[in-house]
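File shown: structure-v3.cif (mmCIF, C-alpha atoms).
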data_protein
#
loop_
_atom_site.label_atom_id
_atom_site.label_comp_id
_atom_site.auth_asym_id
_atom_site.auth_seq_id
_atom_site.Cartn_x
_atom_site.Cartn_y
_atom_site.Cartn_z
CA MET K 17 66.47 -86.29 3.78
CA SER K 18 62.81 -85.39 4.07
CA ARG K 19 61.59 -81.85 4.54
CA LYS K 20 59.74 -81.31 7.82
CA GLN K 21 56.54 -79.36 8.26
CA GLU K 22 54.42 -78.84 11.32
CA ALA K 23 50.72 -78.23 11.81
CA ASP K 24 47.93 -79.09 14.22
CA ILE K 25 46.03 -81.15 11.71
CA VAL K 26 46.99 -82.82 8.43
CA ILE K 27 44.10 -82.86 5.99
CA VAL K 28 44.40 -85.44 3.22
CA GLY K 29 42.44 -84.12 0.25
CA ALA K 30 41.86 -80.57 -0.99
CA GLY K 31 38.33 -81.08 -2.31
CA PRO K 32 35.30 -79.14 -1.11
CA VAL K 33 35.02 -81.06 2.16
CA GLY K 34 38.77 -80.76 2.77
CA LEU K 35 38.55 -76.99 2.33
CA PHE K 36 35.62 -76.82 4.73
CA ALA K 37 37.60 -78.97 7.19
CA VAL K 38 40.32 -76.28 7.10
CA PHE K 39 37.64 -73.76 8.06
CA ALA K 40 36.11 -75.98 10.77
CA CYS K 41 39.56 -76.64 12.28
CA GLY K 42 40.37 -72.93 12.06
CA GLN K 43 37.23 -72.12 14.02
CA LEU K 44 38.61 -74.32 16.78
CA GLY K 45 41.96 -72.57 16.65
CA MET K 46 43.82 -75.27 14.75
CA ARG K 47 46.11 -74.75 11.78
CA CYS K 48 46.02 -77.25 8.93
CA HIS K 49 48.39 -78.63 6.34
CA VAL K 50 46.54 -79.99 3.31
CA VAL K 51 47.98 -82.70 1.05
CA ASP K 52 46.47 -83.47 -2.37
CA ALA K 53 47.60 -85.64 -5.28
CA PHE K 54 46.18 -83.34 -7.94
CA SER K 55 47.91 -80.20 -9.19
CA GLU K 56 44.94 -77.99 -8.29
CA ILE K 57 42.80 -77.43 -5.22
CA GLY K 58 39.17 -78.52 -5.57
CA GLY K 59 38.96 -82.30 -5.92
CA GLN K 60 36.22 -83.68 -8.17
CA CYS K 61 34.58 -80.23 -8.42
CA ILE K 62 37.62 -79.04 -10.37
CA ALA K 63 38.97 -82.24 -11.91
CA LEU K 64 35.69 -83.77 -13.08
CA TYR K 65 32.94 -81.15 -13.30
CA PRO K 66 34.17 -77.55 -12.98
CA GLU K 67 31.38 -76.22 -15.21
CA LYS K 68 28.50 -78.36 -13.96
CA PRO K 69 25.85 -76.56 -11.93
CA ILE K 70 25.28 -78.05 -8.47
CA TYR K 71 21.78 -77.52 -7.07
CA ASP K 72 21.86 -79.01 -3.57
CA ILE K 73 24.16 -76.70 -1.61
CA PRO K 74 22.16 -74.85 1.07
CA GLY K 75 21.93 -71.17 0.22
CA PHE K 76 23.09 -71.66 -3.37
CA PRO K 77 20.14 -72.43 -5.68
CA SER K 78 22.76 -73.13 -8.37
CA VAL K 79 26.53 -73.01 -8.20
CA ARG K 80 29.17 -74.36 -10.58
CA GLY K 81 31.90 -76.64 -9.25
CA ARG K 82 34.55 -74.03 -9.94
CA GLU K 83 32.66 -71.28 -8.16
CA LEU K 84 31.90 -73.43 -5.12
CA ILE K 85 35.59 -74.17 -4.73
CA ALA K 86 36.48 -70.48 -5.07
CA ARG K 87 34.00 -69.67 -2.29
CA LEU K 88 35.26 -72.45 -0.01
CA ARG K 89 38.84 -71.27 -0.55
CA GLU K 90 37.84 -67.76 0.38
CA GLN K 91 36.06 -69.04 3.49
CA ALA K 92 39.12 -71.07 4.59
CA GLU K 93 41.66 -68.43 3.60
CA PRO K 94 41.79 -66.58 6.98
CA TYR K 95 43.18 -69.72 8.59
CA HIS K 96 46.33 -69.79 6.45
CA ALA K 97 46.51 -73.49 5.75
CA ARG K 98 49.59 -74.75 3.93
CA PHE K 99 49.06 -76.85 0.83
CA SER K 100 51.24 -79.62 -0.61
CA LEU K 101 49.81 -80.28 -4.08
CA ASP K 102 50.94 -82.93 -6.58
CA SER K 103 51.65 -84.91 -3.40
CA LEU K 104 50.21 -88.21 -2.25
CA ALA K 105 49.95 -88.97 1.45
CA VAL K 106 51.78 -92.28 1.48
CA GLY K 107 53.09 -93.01 4.95
CA LEU K 108 52.22 -92.66 8.60
CA ARG K 109 54.29 -93.08 11.72
CA ARG K 110 53.65 -91.88 15.25
CA ASP K 111 55.25 -91.22 18.58
CA ALA K 112 53.51 -90.82 21.94
CA GLN K 113 51.74 -87.57 21.09
CA ARG K 114 52.10 -86.95 17.43
CA LEU K 115 51.57 -88.35 13.98
CA PHE K 116 53.93 -87.91 11.07
CA VAL K 117 52.44 -87.99 7.57
CA ARG K 118 54.91 -88.65 4.76
CA THR K 119 54.16 -87.50 1.21
CA SER K 120 55.25 -88.86 -2.16
CA LYS K 121 57.46 -85.75 -2.44
CA ASP K 122 59.37 -86.83 0.67
CA GLU K 123 57.87 -84.20 2.90
CA GLU K 124 57.05 -85.16 6.46
CA ILE K 125 54.30 -83.28 8.24
CA LEU K 126 54.14 -83.56 11.99
CA ALA K 127 50.66 -83.09 13.43
CA ARG K 128 48.44 -83.99 16.35
CA ALA K 129 45.67 -85.53 14.27
CA VAL K 130 44.78 -86.35 10.66
CA ILE K 131 41.50 -85.86 8.83
CA ILE K 132 41.13 -87.86 5.63
CA VAL K 133 38.83 -86.26 3.08
CA ALA K 134 40.13 -88.09 0.04
CA GLY K 135 36.83 -88.51 -1.83
CA PRO K 136 37.12 -91.45 -4.24
CA GLY K 137 40.92 -91.37 -3.81
CA ALA K 138 43.90 -89.71 -5.40
CA PHE K 139 43.53 -88.69 -9.03
CA GLY K 140 45.92 -90.23 -11.51
CA PRO K 141 45.78 -91.07 -15.21
CA ASN K 142 43.02 -93.44 -16.28
CA ARG K 143 45.19 -96.39 -17.26
CA PRO K 144 43.91 -98.70 -20.03
CA PRO K 145 43.65 -102.30 -18.77
CA LEU K 146 46.32 -103.65 -21.14
CA ALA K 147 48.68 -106.46 -20.17
CA GLY K 148 52.22 -105.18 -19.67
CA ILE K 149 51.38 -101.47 -19.79
CA GLU K 150 52.84 -100.66 -16.37
CA ALA K 151 56.29 -101.86 -17.36
CA LEU K 152 56.27 -99.45 -20.31
CA GLU K 153 55.15 -96.38 -18.38
CA GLY K 154 57.76 -93.65 -18.45
CA THR K 155 59.62 -95.22 -21.37
CA SER K 156 57.15 -95.96 -24.18
CA VAL K 157 53.82 -95.11 -22.57
CA HIS K 158 53.14 -91.57 -21.35
CA TYR K 159 49.95 -90.13 -19.86
CA TRP K 160 51.13 -86.55 -20.35
CA VAL K 161 53.75 -84.91 -22.52
CA ARG K 162 56.14 -82.59 -20.71
CA ASP K 163 58.45 -81.85 -23.63
CA PRO K 164 57.24 -82.73 -27.15
CA GLN K 165 60.84 -82.59 -28.45
CA THR K 166 61.55 -85.87 -26.64
CA LEU K 167 59.11 -87.45 -29.13
CA ARG K 168 60.89 -86.17 -32.24
CA GLY K 169 61.16 -88.80 -34.97
CA LYS K 170 59.06 -91.37 -33.07
CA ARG K 171 56.16 -93.42 -34.40
CA ILE K 172 53.38 -92.35 -32.07
CA VAL K 173 49.98 -93.85 -31.37
CA ILE K 174 47.57 -91.59 -29.51
CA ALA K 175 44.47 -93.17 -27.97
CA GLY K 176 41.39 -91.22 -26.89
CA GLY K 177 38.92 -88.70 -28.25
CA GLY K 178 39.05 -85.59 -26.07
CA ASP K 179 40.99 -82.33 -26.06
CA SER K 180 44.31 -83.90 -25.05
CA ALA K 181 44.21 -86.54 -27.77
CA VAL K 182 43.26 -84.04 -30.47
CA ASP K 183 45.65 -81.28 -29.38
CA TRP K 184 48.64 -83.59 -29.07
CA ALA K 185 47.91 -85.21 -32.44
CA ILE K 186 48.06 -81.73 -33.97
CA VAL K 187 51.24 -80.64 -32.15
CA LEU K 188 53.11 -83.90 -32.67
CA SER K 189 52.21 -84.19 -36.37
CA ASP K 190 55.05 -81.74 -37.04
CA ILE K 191 57.60 -83.45 -34.83
CA ALA K 192 56.98 -87.18 -34.91
CA ALA K 193 57.84 -89.67 -37.67
CA SER K 194 54.16 -90.63 -37.69
CA VAL K 195 51.05 -89.96 -35.64
CA THR K 196 48.10 -92.35 -35.53
CA LEU K 197 45.02 -91.33 -33.57
CA VAL K 198 42.86 -94.22 -32.35
CA HIS K 199 39.35 -93.47 -31.10
CA ARG K 200 36.25 -95.59 -30.55
CA ARG K 201 33.99 -93.40 -32.70
CA SER K 202 34.27 -90.70 -35.35
CA LYS K 203 33.23 -87.84 -33.08
CA PHE K 204 35.94 -86.02 -31.12
CA ARG K 205 35.23 -84.01 -27.95
CA ALA K 206 37.26 -80.90 -28.77
CA PRO K 207 36.61 -77.32 -29.90
CA PRO K 208 35.52 -77.14 -33.58
CA ALA K 209 38.74 -75.29 -34.56
CA SER K 210 40.86 -78.16 -33.19
CA VAL K 211 38.71 -80.80 -34.85
CA ASN K 212 38.95 -78.92 -38.17
CA ALA K 213 42.73 -78.72 -37.85
CA LEU K 214 42.83 -82.46 -37.14
CA MET K 215 40.68 -83.24 -40.19
CA GLN K 216 43.00 -81.14 -42.38
CA LEU K 217 46.04 -82.99 -41.07
CA SER K 218 44.24 -86.25 -41.72
CA GLY K 219 43.50 -85.14 -45.29
CA ASN K 220 47.19 -84.23 -45.77
CA LYS K 221 48.23 -87.63 -44.38
CA LYS K 222 50.11 -85.96 -41.51
CA VAL K 223 47.87 -87.76 -38.99
CA THR K 224 46.31 -91.17 -39.57
CA LEU K 225 42.86 -91.51 -38.03
CA ARG K 226 41.79 -94.97 -36.93
CA VAL K 227 38.10 -94.84 -36.03
CA PRO K 228 36.19 -96.67 -34.74
CA TYR K 229 39.03 -98.58 -33.10
CA GLN K 230 40.21 -99.20 -29.54
CA VAL K 231 43.59 -100.31 -28.28
CA SER K 232 43.37 -103.98 -27.36
CA ALA K 233 46.96 -105.14 -26.74
CA LEU K 234 50.60 -104.08 -26.68
CA GLU K 235 53.69 -105.80 -28.06
CA ALA K 236 56.95 -104.95 -26.35
CA HIS K 237 60.51 -106.09 -26.03
CA GLU K 238 62.52 -105.25 -22.90
CA ARG K 239 60.58 -102.17 -21.81
CA ALA K 240 60.38 -100.85 -25.38
CA LEU K 241 57.08 -100.76 -27.23
CA LYS K 242 57.09 -102.57 -30.59
CA ALA K 243 53.48 -102.41 -31.69
CA VAL K 244 50.00 -101.43 -30.62
CA ILE K 245 47.18 -103.80 -31.55
CA ILE K 246 43.89 -102.09 -32.21
CA GLU K 247 40.47 -103.63 -32.68
CA ASP K 248 37.23 -102.42 -34.23
CA LEU K 249 33.73 -103.14 -32.91
CA ASP K 250 33.61 -106.44 -34.81
CA GLY K 251 36.89 -107.66 -33.33
CA GLU K 252 38.90 -107.03 -36.53
CA ARG K 253 42.48 -106.33 -35.47
CA ILE K 254 45.21 -104.16 -36.95
CA ARG K 255 48.83 -104.15 -35.80
CA LEU K 256 50.42 -100.68 -35.71
CA GLU K 257 54.19 -100.57 -35.33
CA ALA K 258 54.94 -97.88 -32.78
CA ASP K 259 57.58 -96.48 -30.45
CA VAL K 260 55.28 -94.53 -28.18
CA LEU K 261 51.70 -94.83 -26.93
CA LEU K 262 49.94 -91.81 -25.45
CA PRO K 263 46.67 -92.90 -23.79
CA PHE K 264 44.36 -89.95 -22.97
CA PHE K 265 41.32 -91.29 -21.13
CA GLY K 266 40.95 -88.67 -18.43
CA LEU K 267 41.49 -89.28 -14.75
CA SER K 268 40.80 -92.16 -12.44
CA SER K 269 41.00 -92.26 -8.69
CA ASP K 270 41.99 -94.81 -6.07
CA LEU K 271 42.82 -95.01 -2.38
CA SER K 272 45.79 -97.36 -2.66
CA ALA K 273 48.24 -94.63 -1.55
CA LEU K 274 46.67 -94.82 1.92
CA SER K 275 47.27 -98.56 2.28
CA GLU K 276 50.04 -98.00 4.84
CA PHE K 277 47.78 -96.05 7.18
CA GLY K 278 46.24 -99.22 8.65
CA LEU K 279 42.69 -98.03 8.00
CA ASN K 280 39.64 -100.22 7.70
CA LEU K 281 39.12 -99.83 3.95
CA GLU K 282 36.16 -101.48 2.31
CA ALA K 283 34.68 -100.94 -1.15
CA GLY K 284 36.69 -97.79 -1.75
CA ALA K 285 35.78 -96.10 1.53
CA ILE K 286 36.99 -95.85 5.13
CA ARG K 287 34.77 -97.36 7.77
CA CYS K 288 34.16 -94.88 10.59
CA ASP K 289 31.91 -94.01 13.50
CA PRO K 290 29.45 -91.33 12.38
CA LEU K 291 29.12 -89.91 15.91
CA SER K 292 32.78 -88.85 15.98
CA MET K 293 34.00 -89.53 12.41
CA SER K 294 36.83 -91.51 14.02
CA THR K 295 38.39 -94.35 12.05
CA SER K 296 39.88 -97.59 13.38
CA VAL K 297 43.22 -95.77 13.83
CA PRO K 298 43.46 -93.43 16.86
CA GLY K 299 44.01 -89.84 15.77
CA ILE K 300 42.79 -90.38 12.23
CA PHE K 301 39.36 -89.07 11.33
CA ALA K 302 37.49 -89.08 8.02
CA ALA K 303 34.83 -87.00 6.31
CA GLY K 304 33.14 -86.69 2.94
CA ASP K 305 32.74 -89.35 0.27
CA VAL K 306 35.65 -91.39 1.64
CA ALA K 307 33.93 -91.91 5.01
CA SER K 308 31.45 -94.77 5.21
CA TYR K 309 29.00 -95.88 7.89
CA PRO K 310 25.51 -97.41 7.79
CA GLY K 311 23.03 -95.04 6.18
CA LYS K 312 25.72 -92.84 4.63
CA GLU K 313 24.42 -90.27 2.15
CA LYS K 314 27.17 -89.17 -0.25
CA LEU K 315 26.27 -85.51 -0.52
CA LEU K 316 28.38 -82.39 -0.16
CA VAL K 317 26.11 -81.12 2.61
CA THR K 318 26.68 -84.37 4.53
CA GLY K 319 30.41 -84.06 3.95
CA PHE K 320 30.46 -80.53 5.36
CA SER K 321 28.67 -81.74 8.47
CA GLU K 322 31.10 -84.62 8.83
CA ALA K 323 34.01 -82.18 8.49
CA ALA K 324 32.66 -80.13 11.41
CA ILE K 325 32.27 -83.27 13.53
CA ALA K 326 35.73 -84.55 12.51
CA ALA K 327 37.26 -81.19 13.45
CA ARG K 328 35.68 -81.32 16.90
CA SER K 329 36.84 -84.91 17.41
CA ALA K 330 40.32 -84.09 16.15
CA PHE K 331 40.44 -81.18 18.60
CA ALA K 332 39.46 -83.44 21.50
CA PHE K 333 42.11 -85.97 20.44
CA ALA K 334 44.82 -83.38 19.85
CA TYR K 335 44.20 -81.33 22.99
CA PRO K 336 42.58 -83.63 25.56
CA GLU K 337 43.45 -81.18 28.35
CA LYS K 338 41.58 -78.31 26.66
CA PRO K 339 37.85 -77.87 27.22
CA TYR K 340 35.79 -77.92 24.06
CA HIS K 341 34.00 -74.59 24.18
CA PHE K 342 31.17 -74.46 21.69
CA GLN K 343 30.66 -71.16 19.94
CA HIS K 344 28.63 -70.15 16.96
CA SER K 345 30.61 -68.46 14.20
CA THR K 346 28.54 -65.34 14.86
CA ASP K 347 30.05 -65.19 18.36
CA ARG K 348 33.59 -65.93 17.25
CA GLY K 349 33.47 -62.95 14.95
CA ARG K 350 35.06 -62.52 11.56
CA PRO K 351 37.42 -65.40 10.86
CA SER K 352 41.05 -64.33 11.11
CA ALA K 353 44.47 -65.81 11.54
CA SER K 354 44.54 -64.53 15.11
CA GLN K 355 41.86 -67.09 16.03
CA VAL K 356 44.26 -69.87 15.18
CA ARG K 357 45.93 -71.09 18.37
CA GLN K 358 43.83 -68.63 20.36
CA ASN K 359 42.21 -71.44 22.30
CA VAL K 360 44.86 -74.07 21.75
CA MET I 22 9.42 -109.54 -2.60
CA SER I 23 7.14 -106.64 -3.40
CA THR I 24 5.34 -106.34 -6.71
CA ASN I 25 7.75 -103.56 -7.63
CA ASP I 26 10.78 -105.81 -7.41
CA ILE I 27 12.44 -106.89 -10.62
CA HIS I 28 15.34 -109.15 -11.52
CA ILE I 29 18.48 -108.46 -13.47
CA VAL I 30 21.23 -110.87 -14.42
CA VAL I 31 24.83 -109.69 -14.09
CA ASP I 32 27.76 -111.61 -15.57
CA ASP I 33 30.94 -110.56 -13.76
CA ASN I 34 33.59 -112.08 -16.00
CA GLY I 35 32.01 -115.52 -15.95
CA GLN I 36 30.38 -115.39 -12.52
CA VAL I 37 26.66 -114.97 -13.06
CA HIS I 38 24.58 -113.21 -10.40
CA ARG I 39 20.81 -112.93 -10.40
CA LEU I 40 19.86 -109.78 -8.50
CA THR I 41 16.50 -108.80 -7.08
CA CYS I 42 16.14 -105.03 -6.96
CA ARG I 43 13.62 -102.31 -6.40
CA SER I 44 12.13 -100.59 -9.39
CA GLY I 45 13.31 -96.96 -9.46
CA ILE I 46 17.01 -97.43 -8.73
CA SER I 47 19.71 -97.36 -11.38
CA VAL I 48 21.53 -100.39 -12.77
CA MET I 49 24.69 -98.96 -11.14
CA GLU I 50 23.01 -98.84 -7.73
CA ALA I 51 21.59 -102.35 -8.15
CA ILE I 52 25.05 -103.73 -8.92
CA ARG I 53 26.73 -101.83 -6.07
CA ASN I 54 23.97 -102.76 -3.60
CA ALA I 55 24.73 -106.38 -4.40
CA GLY I 56 28.38 -105.82 -3.50
CA LEU I 57 29.62 -106.51 -7.01
CA PRO I 58 32.73 -104.63 -8.19
CA LEU I 59 31.61 -101.51 -10.04
CA GLU I 60 33.45 -98.34 -9.13
CA ALA I 61 31.00 -95.48 -9.88
CA ALA I 62 33.56 -92.88 -8.79
CA CYS I 63 31.41 -89.83 -9.47
CA GLY I 64 28.35 -91.25 -7.72
CA GLY I 65 26.08 -91.27 -10.75
CA SER I 66 26.49 -87.66 -11.87
CA LEU I 67 27.62 -88.51 -15.42
CA ALA I 68 31.11 -87.21 -14.71
CA CYS I 69 33.12 -90.43 -15.22
CA ALA I 70 32.84 -93.78 -17.00
CA THR I 71 33.59 -96.15 -14.13
CA CYS I 72 30.10 -97.74 -14.13
CA HIS I 73 30.48 -98.95 -17.73
CA ILE I 74 28.36 -102.05 -18.36
CA ILE I 75 27.66 -104.09 -21.48
CA LEU I 76 24.09 -105.14 -22.27
CA SER I 77 22.97 -108.11 -24.30
CA GLU I 78 21.89 -107.05 -27.79
CA ALA I 79 18.22 -107.67 -27.13
CA ASP I 80 18.35 -105.72 -23.89
CA TYR I 81 20.21 -102.82 -25.49
CA ALA I 82 17.25 -102.52 -27.86
CA ARG I 83 14.92 -102.49 -24.84
CA VAL I 84 16.92 -99.85 -22.96
CA GLY I 85 17.81 -97.64 -25.91
CA ALA I 86 20.89 -95.71 -26.99
CA PRO I 87 22.84 -93.37 -24.69
CA SER I 88 22.49 -89.59 -24.76
CA GLU I 89 25.23 -87.54 -26.38
CA ASP I 90 26.58 -86.62 -22.90
CA GLU I 91 26.75 -90.29 -21.99
CA GLU I 92 28.51 -91.09 -25.30
CA ASP I 93 31.09 -88.43 -24.41
CA MET I 94 31.73 -90.10 -21.06
CA LEU I 95 31.91 -93.56 -22.64
CA ASP I 96 34.97 -92.22 -24.52
CA GLN I 97 36.83 -92.65 -21.20
CA ALA I 98 35.81 -96.30 -20.82
CA PHE I 99 37.73 -99.30 -22.15
CA GLY I 100 36.48 -102.24 -24.18
CA VAL I 101 33.45 -100.25 -25.32
CA THR I 102 31.04 -102.24 -27.50
CA ARG I 103 27.95 -101.45 -29.58
CA THR I 104 25.82 -102.27 -26.54
CA SER I 105 27.81 -100.38 -23.89
CA ARG I 106 26.05 -98.06 -21.47
CA LEU I 107 26.79 -96.36 -18.17
CA GLY I 108 24.94 -98.16 -15.40
CA CYS I 109 24.06 -94.91 -13.62
CA GLN I 110 22.00 -93.75 -16.59
CA ILE I 111 19.61 -96.72 -16.74
CA LEU I 112 16.74 -96.55 -14.27
CA LEU I 113 15.13 -99.88 -13.54
CA ASP I 114 11.40 -100.22 -13.99
CA PRO I 115 9.12 -103.25 -14.47
CA SER I 116 9.58 -103.09 -18.25
CA LEU I 117 13.26 -103.98 -17.73
CA ASP I 118 12.59 -107.12 -15.68
CA GLY I 119 15.06 -109.83 -16.66
CA LEU I 120 17.67 -107.37 -17.99
CA GLY I 121 20.94 -109.13 -18.83
CA LEU I 122 24.32 -107.43 -18.74
CA ARG I 123 28.00 -108.04 -18.13
CA LEU I 124 30.77 -106.10 -16.41
CA PRO I 125 33.80 -105.27 -18.57
CA ALA I 126 37.04 -107.18 -18.07
CA ARG I 127 39.35 -105.69 -15.43
CA SER I 128 43.09 -105.54 -15.84
#
If you convert what's in this file into structure tokens, what do you get?
Amino acid sequence: MSRKQEADIVIVGAGPVGLFAVFACGQLGMRCHVVDAFSEIGGQCIALYPEKPIYDIPGFPSVRGRELIARLREQAEPYHARFSLDSLAVGLRRDAQRLFVRTSKDEEILARAVIIVAGPGAFGPNRPPLAGIEALEGTSVHYWVRDPQTLRGKRIVIAGGGDSAVDWAIVLSDIAASVTLVHRRSKFRAPPASVNALMQLSGNKKVTLRVPYQVSALEAHERALKAVIIEDLDGERIRLEADVLLPFFGLSSDLSALSEFGLNLEAGAIRCDPLSMSTSVPGIFAAGDVASYPGKEKLLVTGFSEAAIAARSAFAFAYPEKPYHFQHSTDRGRPSASQVRQNV
Amino acid sequence: MSTNDIHIVVDDNGQVHRLTCRSGISVMEAIRNAGLPLEAACGGSLACATCHIILSEADYARVGAPSEDEEDMLDQAFGVTRTSRLGCQILLDPSLDGLGLRLPARS
């Protein structure tokens, strides 16, 4: 039995443009429910480059991804949006007036319009392109470790060279039967203290380092991993018997969760009309990197503009009987929850 | 074709495409402009590895080695070789006319 929620607008994506869409909708008196696949608000700004300075936001000569998101949250905060994180928007149905967005957590959000601001798509683990890997996910292949004790006594191969790979090699060296760390080069991207700890464990034979190697194939029998085949840069292969593979290659993103929405998807983007930001599906609008049209410039400033246009269009779709009364934010006064539904 | 146009040759898993492109754009942009499958999720900001390409050995010598930041990002790519680069980090200019590269195998 799905849990029901209600809002004026469902916003798919909690990145910078999604947060500004909450604000833009709030200015028009509409309350939003935001759905995002990632565990944190902020989209790419948080997941990919929280510490990178951004130089092309009007009014901010330099702002880090993390700070920009904090500011956008603060700006949207008066409009009390609800957030469903760790949730993919996976389904859409509609009746005469309303749309119902279903999430991967079996929530159903009833709304009058939807704005998709999904950027490059939902973040998930960056899955190595190995034949048969999907069938082993959840049994022998894990992209995160919830409880290390479940790996006690296992022969573990960890692939990757960043913080996760290094930290888990260290933690699991005490628990597992064996830990082999496979990385394409000898340098690891982790704090010096972690790298030193790893080198000590390698010296004590508690962790076996295999560099420069990459995972090239898996051997399995009935959903159980048997061996991981690794290969060096000259194509020399080694077969490592293993029970568990932990691939840590960061995040990847894709829009496949939205396949049921009936949108015109092409080359990882949704085709829409830039005058209204409407998509091919009535009541669904798009903004930000996910929205494509001729001459599209993939910039945050463009995305913010598209969010404002999408909010206006969503308002006209949701409340066709209401006049659209344009007001500058200076005239509306300080944003507050009381503005929501004021003119709806 | 203007005098600034150059050619690159892209092998997409056996399908060879000869692209004409403007000097001044990146290899990633040239490949995407041609409609070939290259994700480039972060839009060329060196925040992912989805525009991983593999150069011929001779062309790798022409283009040069990646920066340390690019090496760090290449750690998130698959099937990395000695001549791997990120397409967003190679700007095309007339000295790179005739550049030959291939796209990595997809699952």
When you get a sec, could you note down which chain K residues fall within 6 Å of chain I, using all atoms listed in the file, as a tab-separated table (two decimals) with C-alpha atoms, keeping the file's coordinate frame?
chain	number	residue	atom	x	y	z
K	64	LEU	CA	35.69	-83.77	-13.08
K	136	PRO	CA	37.12	-91.45	-4.24
K	145	PRO	CA	43.65	-102.30	-18.77
K	265	PHE	CA	41.32	-91.29	-21.13
- [ ] Decode the PyMOL selection byres ((chain K and resi 160) around 12) for the given file into explicit residues and return them as an MDAnalysis selection string.
- [x] chainID K and resid 140:143 153:154 156:159 161:164 167 174 180:181 183:184 260:267
TODO: Kindly extract all protein, DNA and RNA residues lying within 9 Å of the coordinates (25.8, -76.8, -13.3) given in the file, considering only C-alpha atoms, and supply them as a list in words.
DONE: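 So the residues meeting the distance criterion are Tyr65, Pro66, Glu67, Lys68, Pro69, Ile70, Tyr71, Ser78, Val79, Arg80 and Gly81 of chain K.
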Emit the selected residues as a PDB file, in the coordinates of the input, including C-alpha atoms.
ATOM      1  CA  TYR K  65      32.940 -81.150 -13.300  1.00  0.00           C
ATOM      2  CA  PRO K  66      34.170 -77.550 -12.980  1.00  0.00           C
ATOM      3  CA  GLU K  67      31.380 -76.220 -15.210  1.00  0.00           C
ATOM      4  CA  LYS K  68      28.500 -78.360 -13.960  1.00  0.00           C
ATOM      5  CA  PRO K  69      25.850 -76.560 -11.930  1.00  0.00           C
ATOM      6  CA  ILE K  70      25.280 -78.050  -8.470  1.00  0.00           C
ATOM      7  CA  TYR K  71      21.780 -77.520  -7.070  1.00  0.00           C
ATOM      8  CA  SER K  78      22.760 -73.130  -8.370  1.00  0.00           C
ATOM      9  CA  VAL K  79      26.530 -73.010  -8.200  1.00  0.00           C
ATOM     10  CA  ARG K  80      29.170 -74.360 -10.580  1.00  0.00           C
ATOM     11  CA  GLY K  81      31.900 -76.640  -9.250  1.00  0.00           C
TER      12      GLY K  81
END
Task: Computed interatomic separation between CA of Val30 (chain I) and CA of Asp80 (chain I) (Å) - done: 11.2 Å
Ground truth for the PyMOL selection byres ((chain I and resi 35-48) around 12), written as a compact mmCIF listing (two decimals) with C-alpha atoms, in the coordinates of the input:
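Wrote it out as result.txt, contents follow:
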# COMPACT_ATOMS: atom_id res chain seq x y z
CA MET I 22 9.42 -109.54 -2.60
CA SER I 23 7.14 -106.64 -3.40
CA THR I 24 5.34 -106.34 -6.71
CA ASN I 25 7.75 -103.56 -7.63
CA ASP I 26 10.78 -105.81 -7.41
CA ILE I 27 12.44 -106.89 -10.62
CA HIS I 28 15.34 -109.15 -11.52
CA ILE I 29 18.48 -108.46 -13.47
CA VAL I 30 21.23 -110.87 -14.42
CA VAL I 31 24.83 -109.69 -14.09
CA ASP I 32 27.76 -111.61 -15.57
CA ASP I 33 30.94 -110.56 -13.76
CA ASN I 34 33.59 -112.08 -16.00
CA MET I 49 24.69 -98.96 -11.14
CA GLU I 50 23.01 -98.84 -7.73
CA ALA I 51 21.59 -102.35 -8.15
CA ILE I 52 25.05 -103.73 -8.92
CA ARG I 53 26.73 -101.83 -6.07
CA ASN I 54 23.97 -102.76 -3.60
CA ALA I 55 24.73 -106.38 -4.40
CA GLY I 56 28.38 -105.82 -3.50
CA LEU I 57 29.62 -106.51 -7.01
CA PRO I 58 32.73 -104.63 -8.19
CA LEU I 59 31.61 -101.51 -10.04
CA ALA I 61 31.00 -95.48 -9.88
CA GLY I 64 28.35 -91.25 -7.72
CA GLY I 65 26.08 -91.27 -10.75
CA SER I 66 26.49 -87.66 -11.87
CA CYS I 72 30.10 -97.74 -14.13
CA HIS I 73 30.48 -98.95 -17.73
CA ILE I 74 28.36 -102.05 -18.36
CA ILE I 75 27.66 -104.09 -21.48
CA LEU I 76 24.09 -105.14 -22.27
CA VAL I 84 16.92 -99.85 -22.96
CA ARG I 106 26.05 -98.06 -21.47
CA LEU I 107 26.79 -96.36 -18.17
CA GLY I 108 24.94 -98.16 -15.40
CA CYS I 109 24.06 -94.91 -13.62
CA GLN I 110 22.00 -93.75 -16.59
CA ILE I 111 19.61 -96.72 -16.74
CA LEU I 112 16.74 -96.55 -14.27
CA LEU I 113 15.13 -99.88 -13.54
CA ASP I 114 11.40 -100.22 -13.99
CA PRO I 115 9.12 -103.25 -14.47
CA SER I 116 9.58 -103.09 -18.25
CA LEU I 117 13.26 -103.98 -17.73
CA ASP I 118 12.59 -107.12 -15.68
CA GLY I 119 15.06 -109.83 -16.66
CA LEU I 120 17.67 -107.37 -17.99
CA GLY I 121 20.94 -109.13 -18.83
CA LEU I 122 24.32 -107.43 -18.74
CA ARG I 123 28.00 -108.04 -18.13
CA LEU I 124 30.77 -106.10 -16.41
CA PRO I 125 33.80 -105.27 -18.57
CA ALA I 126 37.04 -107.18 -18.07
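Using only C-alpha atoms, the nearest neighbour of Ser232 (chain K) within the list K:Gly299, K:Gly284, K:Gly219, K:Gly148 is K:Gly148.
From CA of Gly58 (chain K) back to CA of Arg87 (chain K), the distance works out to 10.8 Å.
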Task: Picked residues, the PyMOL selection byres ((chain K and resi 97-113) around 6), as a list in words - done: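 After applying the PyMOL selection byres ((chain K and resi 97-113) around 6), what remains is Cys48, His49, Val50, Val51, Asp52, Ala53, Phe54, Ser55, Tyr95, His96, Arg114, Leu115, Phe116, Val117, Arg118, Thr119, Ser120, Lys121, Ala273, Leu274, Glu276 and Phe277 of chain K.
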